[in-house]
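The structure under discussion appears below in the form of structure tokens.
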Amino acid sequence: MLLRLFSKKEGLLITSFVLEAFIASFYVVITRSLTPIFLISVGLNINDLLMLNIVAYIFALILAYVLYKYGEFLKSNVKFKLLLVHGLERIFWGIIPLAVILSPIALYIDYIIAVALTIPTSIFINIIFFTEFNDRDLRRLLTRRGALGAVSNVIGQVAIVIVLASMVDPSKYLYLYLVAMFIGFVSTLLLIPAPIPSKIIERRKEIVIEEVSVKVVNVFLFLTALLASGAILGVVWAPYLMKTLKAPDYLAATLGLIQTVATIGSSIFWGGKPYKVYKYAIFLNSIIPISIALTFRAEIHLAIAAIYAFAYTGSNFLASFIYGELSKSIEIIKTPTMLVAANSLAQVFGLSIAYMMGQNTMYMFLTAATLSIIASLIALITIPEIAIPPERYVRAYSRILYRSSLSSYNFTMFTLKSTAILTIKLLGLSFIFLILYIIYRTLYYIIMIAS
């Protein structure tokens, strides 16, 4: 059976990417989980950390837009480009301690590049998934990647705790980053023998159907609101336990472990479920922020964390599966890029809110709750696969949301473009006046000297 699996291209591709997720998740959890701890240990405060992430994700969002605009770049030499950005991403995350030693500017540059490189890596992987697998194989692949990735996350989190607790010297951070980087390279090497196509060939020409475009945009809005709510909870939840509820630090640290363990089972559960079942994940997501704010016993938060991971995984799977289906009907670059851009936009939005609100925990929970409710309403009213109203109302609501969001986007882009052009003109005019002033002063001094 195993030999027969490896003899098939799809089987080998699934196996390669499942193993890649298992190995890469160890590298990801160490670098992403360790970076805030490390940067705070070297002198950054929470606001510095938030601003660093906001700037990095703004650059990532700009890169996603550029790749979306010039999508033809993503269709050729796919395997080479994937391996290149896959490896470079690991290098820039791995050398963060060295960048800190050099200078604050080196840290900013390195961190921005590290975050930005996750964009092309994720886009290439999603393009391969959406073009090389049918809906059934895509579900099977994402389910296995999610489950094994969560197992690797647990191993990585345990490794962080053991190393940080057993070593006192600051070099422990450098050791962890280097180990993570080299293990990350192993996941890159696993993709070398994978039968990844060198060129993306559209299986179906672009079909100009408004319903498809409507669904793409509405799923994007749903996913952005959902992830933005999650970004805010990621900033406020643990400090709320420790500062407001006076919970011990180990209990706050256990939140992440509980969510990771719950993701293993929830990935397997949601992978084979029909779309209608996903509405329960959407509903659970909408009540989590309020449940956190209104629960005053710290131990109960561990149960809430498990439920949150269960619902959050299902909601993310819903977006990925729908985009996987839609990629067969539109230009292949659109859905993978929007899937990745939603995360960057959500991080910028969520972290900016956290930065502006400072230490106001209740306002942050209220904002997270509002965003999660908005995400749920978008999903349950405009996405046909899980919508509650009759189909004719769903079509009307989805078109209203689509046209409103499109108008807002066009107005925003027009305003930004006009502002940018005006700024460039003013800078150019100022530069011309500066040159004229320098020429005038030079001529003045020449005349004074000559006379």
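To be explicit about the labels: the chains of the structure tokens are called A, B, and onward in the order shown, and within each one the residues are counted from 1, while ligands get numbers from 1 in the order they are shown.
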
Quick one: residues within 7 Å of stretch 323-325 of chain A, only C-alpha atoms counted, chain neighbours fewer than 2 positions away excluded, as a PDB file with C-alpha atoms, in the first residue's frame?
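This went into part_14.pdb:
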ATOM      1  CA  PHE A 130      -5.185  24.476  -5.384  1.00  0.00           C
ATOM      2  CA  ASP A 135     -11.393  18.877  -3.405  1.00  0.00           C
ATOM      3  CA  ALA A 319     -12.153  29.542   4.086  1.00  0.00           C
ATOM      4  CA  SER A 320      -9.360  27.331   2.697  1.00  0.00           C
ATOM      5  CA  PHE A 321     -11.774  24.733   1.289  1.00  0.00           C
ATOM      6  CA  SER A 327      -9.614  28.504  -7.666  1.00  0.00           C
ATOM      7  CA  LYS A 328     -10.938  26.146 -10.362  1.00  0.00           C
ATOM      8  CA  THR A 335      -7.432  32.902  -4.194  1.00  0.00           C
TER       9      THR A 335
END

Using only C-alpha atoms, find each residue of stretch 180-269 of chain A with at least one atom at most 9 Å away from an atom of stretch 155-160 of chain A; report its shortest atom-to-atom pair and that distance in Å (one decimal), sort the rows by chain and rising residue number, and return the result as a Markdown table.
| residue | atom | partner | partner_atom | distance |
| --- | --- | --- | --- | --- |
| A:Ala180 | CA | A:Gly156 | CA | 9.0 |
| A:Gly256 | CA | A:Gln157 | CA | 8.7 |
| A:Leu257 | CA | A:Gln157 | CA | 7.4 |

Residue contacts of A:Leu366 (8 Å, only C-alpha atoms) excluding same-chain residues fewer than 4 positions away, as a list in words: Pro289, Ile290, Met362 and Thr370 of chain A

Per-residue DSSP, stretch 193-412 of chain A, filtered to helix (DSSP H, G or I), as a PyMOL selection string: chain A and resi 210-244+249-271+275-294+300-326+334-357+361-382+391-412

So that I can check the surroundings of stretch 75-85 of chain A, please list as a list of chain:residue names every protein, DNA and RNA residue that reaches within 6 Å of it, counting only C-alpha atoms and ignoring chain neighbours fewer than 2 positions away.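 Here the answer would be A:Glu72, A:Phe73, A:Gly87, A:Leu88, A:Glu89, A:Thr121, A:Ile196, A:Ser198, A:Lys199, A:Ile200.
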
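If you count only C-alpha atoms and ignore residues fewer than 5 places along the chain from stretch 97-113 of chain A, what sits within 10 Å of it is Thr35, Phe38, Leu39, Val42, Leu52, Asn53, Ile54, Val55, Ala56, Tyr57, Ile58, Phe59, Ala60, Leu88, Glu89, Ile91, Phe92, Thr118, Ser171, Tyr173, Leu174, Tyr175, Tyr177 and Leu178 of chain A.
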
Write the selection just made, keeping N, CA and C atoms, as a compact mmCIF listing (two decimals), in the first residue's frame?
# COMPACT_ATOMS: atom_id res chain seq x y z
N THR A 35 10.38 34.84 19.63
CA THR A 35 10.76 36.20 19.27
C THR A 35 10.23 37.27 20.23
N PHE A 38 12.24 36.96 23.47
CA PHE A 38 13.64 37.37 23.28
C PHE A 38 13.76 38.88 23.16
N LEU A 39 12.88 39.50 22.35
CA LEU A 39 12.98 40.95 22.14
C LEU A 39 12.66 41.73 23.41
N VAL A 42 15.73 41.74 25.65
CA VAL A 42 16.84 42.61 25.27
C VAL A 42 16.47 44.10 25.38
N LEU A 52 6.74 47.16 15.86
CA LEU A 52 7.60 46.37 14.98
C LEU A 52 6.76 45.42 14.13
N ASN A 53 5.79 44.76 14.75
CA ASN A 53 4.94 43.82 14.02
C ASN A 53 4.01 44.55 13.05
N ILE A 54 3.50 45.70 13.45
CA ILE A 54 2.62 46.46 12.55
C ILE A 54 3.37 46.86 11.28
N VAL A 55 4.58 47.39 11.46
CA VAL A 55 5.39 47.80 10.30
C VAL A 55 5.71 46.59 9.42
N ALA A 56 6.09 45.47 10.05
CA ALA A 56 6.45 44.27 9.28
C ALA A 56 5.27 43.75 8.47
N TYR A 57 4.09 43.72 9.08
CA TYR A 57 2.92 43.19 8.36
C TYR A 57 2.40 44.17 7.32
N ILE A 58 2.65 45.46 7.49
CA ILE A 58 2.32 46.41 6.42
C ILE A 58 3.17 46.13 5.18
N PHE A 59 4.47 45.89 5.40
CA PHE A 59 5.34 45.54 4.28
C PHE A 59 4.91 44.21 3.65
N ALA A 60 4.51 43.25 4.49
CA ALA A 60 4.04 41.97 3.98
C ALA A 60 2.78 42.15 3.13
N LEU A 88 15.19 31.06 2.30
CA LEU A 88 15.53 32.41 2.77
C LEU A 88 14.71 32.81 3.99
N GLU A 89 13.46 32.42 4.01
CA GLU A 89 12.61 32.71 5.18
C GLU A 89 13.24 32.17 6.45
N ILE A 91 16.40 31.50 6.99
CA ILE A 91 17.64 32.22 7.31
C ILE A 91 17.34 33.51 8.06
N PHE A 92 16.40 34.30 7.56
CA PHE A 92 16.14 35.60 8.17
C PHE A 92 15.47 35.46 9.55
N THR A 118 7.33 35.24 4.39
CA THR A 118 6.27 34.24 4.60
C THR A 118 5.16 34.38 3.55
N SER A 171 23.01 33.09 25.65
CA SER A 171 23.27 32.34 24.42
C SER A 171 22.21 31.27 24.16
N TYR A 173 19.15 31.72 23.66
CA TYR A 173 18.29 32.17 22.57
C TYR A 173 18.94 31.90 21.22
N LEU A 174 20.23 32.20 21.12
CA LEU A 174 20.94 31.94 19.88
C LEU A 174 20.91 30.44 19.55
N TYR A 175 21.07 29.61 20.58
CA TYR A 175 21.04 28.16 20.39
C TYR A 175 19.68 27.72 19.84
N TYR A 177 17.38 29.52 18.24
CA TYR A 177 17.15 30.04 16.90
C TYR A 177 17.93 29.24 15.85
N LEU A 178 19.19 28.92 16.15
CA LEU A 178 19.99 28.17 15.19
C LEU A 178 19.45 26.76 14.99

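Remark: for A:Ala387, the closest of the candidate residues A:Val277, A:Ile373, A:Val236, A:Ala342 is A:Val277 (distances computed over only C-alpha atoms).
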
Counting only C-alpha atoms, what are the residues of stretch 207-282 of chain A within 9 Å of stretch 344-353 of chain A, and for each of them which pair of atoms is the nearest and at what distance in Å, to one decimal? Sort the table by chain and rising number, as a tab-separated table.
residue	atom	partner	partner_atom	distance
A:Leu223	CA	A:Ala346	CA	8.4
A:Thr224	CA	A:Ala346	CA	5.1
A:Ala225	CA	A:Ala346	CA	6.7
A:Leu226	CA	A:Ala346	CA	8.0
A:Leu227	CA	A:Ala346	CA	5.5
A:Ala228	CA	A:Ala346	CA	4.2
A:Ser229	CA	A:Gly350	CA	6.6
A:Gly230	CA	A:Gly350	CA	8.0
A:Ala231	CA	A:Gly350	CA	5.4
A:Ile232	CA	A:Gly350	CA	5.3
A:Leu233	CA	A:Gly350	CA	8.9
A:Val235	CA	A:Leu351	CA	7.9

Nearest to A:Ile127 by atom-to-atom distance, counting only C-alpha atoms, from A:Thr260, A:Asn45, A:Asn360, A:Thr337: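 Selected residue with least distance to A:Ile127: A:Thr337.
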
List the spatial neighbours of stretch 9-21 of chain A as a list in words - criterion: any atom at most 7 Å away, only C-alpha atoms, same-chain residues fewer than 3 positions off excluded. Leu5, Phe6, Ala24, Ser25, Leu141, Arg144, Arg145, Gly149, Ser187, Leu190, Leu191, Ala194 and Pro195 of chain A

Write out as a VMD selection string which residues come within 8 Å of stretch 239-247 of chain A when counting only C-alpha atoms, dropping same-chain ones fewer than 6 positions away. chain A and resid 296 to 298 361

Expressed in Å to a single decimal, how great is the separation between atom CA of A:Ala281 and atom CA of A:Asn126? 22.9 Å

Report, in Å to a single decimal, how far apart atom CA of A:Val154 and atom CA of A:Tyr308 are.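 Atom CA of A:Val154 lies at a distance of 17.1 Å from atom CA of A:Tyr308.
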